[in-house]
>>> print(open('my_file33.cif').read())   # mmCIF, C-alpha atoms
data_input
loop_
_atom_site.label_atom_id
_atom_site.label_comp_id
_atom_site.auth_asym_id
_atom_site.auth_seq_id
_atom_site.Cartn_x
_atom_site.Cartn_y
_atom_site.Cartn_z
CA MET P 1 0.00 0.00 0.00
CA ASP P 2 1.23 3.49 -0.86
CA ALA P 3 1.89 5.33 2.40
CA LEU P 4 0.57 8.63 0.93
CA LEU P 5 -3.13 8.58 1.80
CA ARG P 6 -5.93 10.80 0.54
CA VAL P 7 -8.77 12.26 2.55
CA ASP P 8 -11.11 9.24 2.31
CA ASP P 9 -8.52 6.45 2.41
CA PRO P 10 -8.83 4.22 5.47
CA LEU P 11 -6.03 4.39 8.01
CA PRO P 12 -3.99 1.21 8.47
CA ALA P 13 -4.52 1.31 12.26
CA ARG P 14 -5.65 3.59 15.06
CA PRO P 15 -2.86 6.16 15.45
CA SER P 16 -1.53 7.04 18.88
CA ARG P 17 1.44 9.30 18.02
CA VAL P 18 0.50 11.85 15.37
CA VAL P 19 2.52 14.67 13.82
CA VAL P 20 0.86 17.39 11.74
CA ALA P 21 3.03 18.96 9.03
CA GLY P 22 2.40 22.17 7.12
CA THR P 23 3.72 25.63 6.54
CA SER P 24 3.30 28.44 9.07
CA GLY P 25 -0.32 29.53 9.08
CA SER P 26 -1.71 26.38 7.48
CA GLY P 27 -3.66 25.40 10.60
CA LYS P 28 -1.38 22.74 12.10
CA THR P 29 -2.02 23.61 15.73
CA THR P 30 -5.79 23.78 15.32
CA LEU P 31 -5.86 20.44 13.51
CA SER P 32 -3.49 18.87 16.05
CA ALA P 33 -5.79 19.89 18.90
CA ARG P 34 -8.81 18.45 17.08
CA ILE P 35 -7.00 15.16 16.43
CA GLY P 36 -5.96 14.93 20.07
CA GLN P 37 -9.52 15.55 21.22
CA LEU P 38 -10.98 12.94 18.86
CA LEU P 39 -8.41 10.30 19.81
CA GLY P 40 -8.44 11.21 23.49
CA VAL P 41 -4.68 11.85 23.54
CA GLU P 42 -2.62 14.83 24.68
CA HIS P 43 -1.92 17.62 22.22
CA VAL P 44 1.52 19.06 22.93
CA GLU P 45 1.84 22.47 21.28
CA ILE P 46 5.45 22.44 20.17
CA ASP P 47 5.68 26.25 19.90
CA ALA P 48 5.02 26.44 23.65
CA LEU P 49 7.98 24.16 24.29
CA PHE P 50 10.29 26.06 21.93
CA HIS P 51 9.63 29.75 22.63
CA GLY P 52 10.90 31.13 25.89
CA GLU P 53 10.48 34.63 27.26
CA GLY P 54 11.43 37.31 24.72
CA TRP P 55 11.12 34.80 21.86
CA THR P 56 14.34 33.10 22.91
CA PRO P 57 14.60 29.33 22.41
CA ARG P 58 14.07 27.45 25.68
CA PRO P 59 17.20 25.53 26.73
CA THR P 60 15.09 22.50 27.71
CA PHE P 61 13.39 22.22 24.30
CA LEU P 62 15.14 19.08 23.06
CA ALA P 63 14.80 17.33 26.42
CA ASP P 64 11.11 18.28 26.60
CA VAL P 65 10.48 16.82 23.14
CA GLU P 66 12.45 13.69 24.01
CA GLU P 67 10.32 13.27 27.12
CA PHE P 68 6.86 13.66 25.60
CA THR P 69 7.64 11.62 22.48
CA ALA P 70 8.67 8.69 24.70
CA ARG P 71 5.07 8.52 25.94
CA PRO P 72 2.68 6.07 24.29
CA ALA P 73 0.26 8.68 22.89
CA TRP P 74 0.47 12.31 21.77
CA VAL P 75 -0.20 14.76 18.92
CA THR P 76 2.05 17.66 17.94
CA GLU P 77 3.21 19.82 15.04
CA TRP P 78 6.18 18.98 12.78
CA GLN P 79 8.43 21.98 13.35
CA TYR P 80 11.98 22.91 14.31
CA THR P 81 14.90 21.32 12.51
CA VAL P 82 16.51 20.01 15.69
CA VAL P 83 13.53 17.71 16.45
CA ARG P 84 11.94 16.98 13.06
CA ASP P 85 13.65 13.60 12.63
CA LEU P 86 12.89 12.60 16.22
CA LEU P 87 9.20 13.43 15.76
CA ALA P 88 9.02 11.55 12.47
CA ASP P 89 10.83 8.52 13.88
CA ARG P 90 8.50 8.27 16.87
CA CYS P 91 5.15 8.99 15.24
CA ASP P 92 2.89 6.38 13.69
CA LEU P 93 0.97 8.84 11.48
CA MET P 94 1.94 12.03 9.68
CA VAL P 95 -0.84 14.39 8.59
CA TRP P 96 0.19 16.88 5.90
CA LEU P 97 -2.00 19.97 5.95
CA ASP P 98 -1.40 21.41 2.49
CA PRO P 99 -3.93 24.13 1.56
CA PRO P 100 -3.27 26.46 -1.39
CA HIS P 101 -0.65 29.15 -0.78
CA ALA P 102 -3.28 31.92 -1.08
CA THR P 103 -5.26 30.32 1.74
CA VAL P 104 -2.18 30.01 3.94
CA MET P 105 -1.18 33.63 3.34
CA ARG P 106 -4.70 34.85 4.13
CA GLN P 107 -4.79 32.77 7.32
CA VAL P 108 -1.32 33.71 8.59
CA THR P 109 -1.88 37.40 7.86
CA ALA P 110 -5.29 37.48 9.57
CA ARG P 111 -3.97 35.54 12.56
CA THR P 112 -0.97 37.86 12.93
CA LEU P 113 -3.11 40.99 12.70
CA ARG P 114 -5.66 39.63 15.19
CA ARG P 115 -2.96 38.64 17.68
CA ARG P 116 -1.24 42.02 17.40
CA VAL P 117 -4.35 44.18 17.58
CA ARG P 118 -5.75 42.21 20.52
CA ARG P 119 -2.29 41.96 22.11
CA GLU P 120 -2.87 38.24 22.62
CA VAL P 121 -0.31 36.71 24.92
CA LEU P 122 1.36 33.79 23.22
CA TRP P 123 3.81 31.23 24.58
CA ASN P 124 5.61 32.19 27.76
CA GLY P 125 4.41 35.80 27.75
CA ASN P 126 5.37 36.69 24.19
CA LEU P 127 3.40 39.09 21.99
CA GLU P 128 3.39 39.45 18.21
CA PRO P 129 5.89 42.16 17.28
CA PRO P 130 4.69 45.57 16.06
CA LEU P 131 3.19 45.49 12.56
CA ARG P 132 6.16 47.42 11.15
CA ALA P 133 8.24 44.29 11.83
CA PHE P 134 6.73 42.85 8.66
CA LEU P 135 8.88 45.36 6.76
CA THR P 136 12.00 45.12 8.89
CA ASP P 137 12.23 41.49 10.02
CA ARG P 138 13.17 39.00 7.31
CA ASP P 139 11.86 36.20 9.55
CA HIS P 140 8.51 37.83 10.36
CA VAL P 141 5.98 34.98 10.39
CA VAL P 142 4.11 36.26 7.30
CA ARG P 143 7.33 36.63 5.30
CA TRP P 144 8.53 33.29 6.68
CA ALA P 145 5.33 31.56 5.52
CA TRP P 146 5.82 32.91 2.00
CA ARG P 147 9.54 32.16 1.83
CA THR P 148 9.18 28.59 3.12
CA ARG P 149 5.95 27.70 1.30
CA PHE P 150 7.54 24.77 -0.56
CA ALA P 151 9.67 23.48 2.32
CA THR P 152 7.13 21.05 3.78
CA ALA P 153 6.63 19.27 0.45
CA GLU P 154 10.41 18.95 0.06
CA ARG P 155 10.86 17.66 3.61
CA LEU P 156 8.07 15.14 3.20
CA ALA P 157 9.51 13.86 -0.09
CA THR P 158 12.80 13.22 1.72
CA LEU P 159 11.03 11.68 4.71
CA ARG P 160 9.03 9.29 2.52
CA VAL P 161 12.31 7.93 1.13
CA ARG P 162 13.73 7.51 4.63
CA LEU P 163 10.51 6.14 6.21
CA PRO P 164 8.54 4.64 3.29
CA ASP P 165 6.11 2.76 5.56
CA LEU P 166 5.05 5.79 7.61
CA PRO P 167 1.46 6.62 6.62
CA VAL P 168 1.10 10.23 5.47
CA VAL P 169 -2.38 11.71 5.00
CA ARG P 170 -2.47 14.75 2.70
CA LEU P 171 -5.30 17.22 3.34
CA ARG P 172 -5.69 20.14 0.93
CA SER P 173 -8.35 22.24 2.69
CA ARG P 174 -10.28 22.80 5.90
CA ALA P 175 -13.20 20.91 4.32
CA GLU P 176 -10.93 17.92 3.65
CA ALA P 177 -9.63 18.08 7.22
CA ASP P 178 -13.21 18.05 8.54
CA ARG P 179 -14.10 15.13 6.26
CA TRP P 180 -11.01 13.16 7.32
CA LEU P 181 -11.65 13.77 11.01
CA ALA P 182 -15.29 12.68 10.66
CA GLY P 183 -14.43 9.74 8.39
CA PRO P 184 -11.20 7.72 8.50
CA LEU P 185 -9.89 9.07 11.81
CA ARG P 186 -13.22 8.74 13.64
CA ARG P 187 -13.63 5.19 12.33
CA THR P 188 -10.29 4.16 13.84
CA ALA P 189 -11.08 5.98 17.10
CA ASP P 190 -14.52 4.33 17.34
CA THR P 191 -13.42 0.79 16.52
CA ASP P 192 -10.04 0.59 18.21
CA GLY P 193 -10.32 3.16 21.00
#
>>> encode(input="my_file33.cif", output="structure tokens")
Amino acid sequence: MDALLRVDDPLPARPSRVVVAGTSGSGKTTLSARIGQLLGVEHVEIDALFHGEGWTPRPTFLADVEEFTARPAWVTEWQYTVVRDLLADRCDLMVWLDPPHATVMRQVTARTLRRRVRREVLWNGNLEPPLRAFLTDRDHVVRWAWRTRFATAERLATLRVRLPDLPVVRLRSRAEADRWLAGPLRRTADTDG
């Protein structure tokens, strides 16, 4: 069986360790939380483990990821070069959230504006930077999302060579994500949970 699954393809087994891949702003965290809720497993938001106060990387990040991925069940996002291989090696299902680039850019821009205007507190007390940072910061999340828009596809192509038996579900829209959650994932949760 080809390990690249479409929205309606049945899953080979009930997953217990799930990683959600996608570019910044694609909806990885939202989908990860929904998967965790449906499966009844912990969603570990990887950004919260990575970002310390003042947007500095937390020194315990790698150890924190090592610890939670040693558990029997979890869901998280596929981010951060230092832990990508570890996450892929320990998961039993990869979900690739791959909406059109225009959708991603609309979502990441709206999310960034909402967070900044509302001064939403993010991980460990951080706030979105001032809007002018879009013009001055090469790594501003909106610019990052555009610049890295093809990176997930490239990483997954490499991963599928390295781990050809790892099931990867590709979802191209929010509607497909909803259909997959209500269909193949729910069926495994209902029958094997």
>>> residues_around(input="my_file33.cif", residues="P:Leu156", least_positions_apart="4", cutoff="9 Å", atoms="all atoms listed in the file", output="list in words")
Ala21, Trp96, Ala151, Thr152, Arg160, Val161 and Val168 of chain P
>>> write_last_selection(input="my_file33.cif", atoms="C-alpha atoms", output="PDB file, in the frame of the given file")
ATOM      1  CA  ALA P  21       3.030  18.960   9.030  1.00  0.00           C
ATOM      2  CA  TRP P  96       0.190  16.880   5.900  1.00  0.00           C
ATOM      3  CA  ALA P 151       9.670  23.480   2.320  1.00  0.00           C
ATOM      4  CA  THR P 152       7.130  21.050   3.780  1.00  0.00           C
ATOM      5  CA  ARG P 160       9.030   9.290   2.520  1.00  0.00           C
ATOM      6  CA  VAL P 161      12.310   7.930   1.130  1.00  0.00           C
ATOM      7  CA  VAL P 168       1.100  10.230   5.470  1.00  0.00           C
TER       8      VAL P 168
END
>>> resolve_selection(input="my_file33.cif", expression="the PyMOL selection byres ((chain P and resi 172) around 10)", output="ChimeraX atom specification")
/P:6-7,26,96-100,169-171,173-177
>>> write_last_selection(input="my_file33.cif", atoms="C-alpha atoms", output="PDB file, keeping the file's coordinate frame")
ATOM      1  CA  ARG P   6      -5.930  10.800   0.540  1.00  0.00           C
ATOM      2  CA  VAL P   7      -8.770  12.260   2.550  1.00  0.00           C
ATOM      3  CA  SER P  26      -1.710  26.380   7.480  1.00  0.00           C
ATOM      4  CA  TRP P  96       0.190  16.880   5.900  1.00  0.00           C
ATOM      5  CA  LEU P  97      -2.000  19.970   5.950  1.00  0.00           C
ATOM      6  CA  ASP P  98      -1.400  21.410   2.490  1.00  0.00           C
ATOM      7  CA  PRO P  99      -3.930  24.130   1.560  1.00  0.00           C
ATOM      8  CA  PRO P 100      -3.270  26.460  -1.390  1.00  0.00           C
ATOM      9  CA  VAL P 169      -2.380  11.710   5.000  1.00  0.00           C
ATOM     10  CA  ARG P 170      -2.470  14.750   2.700  1.00  0.00           C
ATOM     11  CA  LEU P 171      -5.300  17.220   3.340  1.00  0.00           C
ATOM     12  CA  SER P 173      -8.350  22.240   2.690  1.00  0.00           C
ATOM     13  CA  ARG P 174     -10.280  22.800   5.900  1.00  0.00           C
ATOM     14  CA  ALA P 175     -13.200  20.910   4.320  1.00  0.00           C
ATOM     15  CA  GLU P 176     -10.930  17.920   3.650  1.00  0.00           C
ATOM     16  CA  ALA P 177      -9.630  18.080   7.220  1.00  0.00           C
TER      17      ALA P 177
END
>>> closest_residue(input="my_file33.cif", among="P:Ala3, P:Leu39, P:Val141, P:Leu11", to="P:Ala189", atoms="all atoms listed in the file")
P:Leu39
>>> resolve_selection(input="my_file33.cif", expression="the PyMOL selection byres ((chain P and resi 130) around 10)", output="VMD selection string")
chain P and resid 113 116 to 117 119 127 to 129 131 to 134
>>> write_last_selection(input="my_file33.cif", atoms="C-alpha atoms", output="mmCIF file, in the coordinates of the input")
data_model
loop_
_atom_site.group_PDB
_atom_site.id
_atom_site.type_symbol
_atom_site.label_atom_id
_atom_site.label_comp_id
_atom_site.auth_asym_id
_atom_site.auth_seq_id
_atom_site.Cartn_x
_atom_site.Cartn_y
_atom_site.Cartn_z
ATOM 1 C CA LEU P 113 -3.110 40.990 12.700
ATOM 2 C CA ARG P 116 -1.240 42.020 17.400
ATOM 3 C CA VAL P 117 -4.350 44.180 17.580
ATOM 4 C CA ARG P 119 -2.290 41.960 22.110
ATOM 5 C CA LEU P 127 3.400 39.090 21.990
ATOM 6 C CA GLU P 128 3.390 39.450 18.210
ATOM 7 C CA PRO P 129 5.890 42.160 17.280
ATOM 8 C CA LEU P 131 3.190 45.490 12.560
ATOM 9 C CA ARG P 132 6.160 47.420 11.150
ATOM 10 C CA ALA P 133 8.240 44.290 11.830
ATOM 11 C CA PHE P 134 6.730 42.850 8.660
#
>>> atom_distance(input="my_file33.cif", atom1="atom CA of P:Pro184", atom2="atom CA of P:Pro10")
5.2 Å
>>> closest_residue(input="my_file33.cif", among="P:Ile35, P:Trp146, P:Glu42, P:Arg84", to="P:Ala102", atoms="all atoms listed in the file")
P:Trp146
>>> closest_residue(input="my_file33.cif", among="P:Pro15, P:Pro57, P:Gly27, P:Gly125", to="P:Thr103", atoms="only C-alpha atoms")
P:Gly27
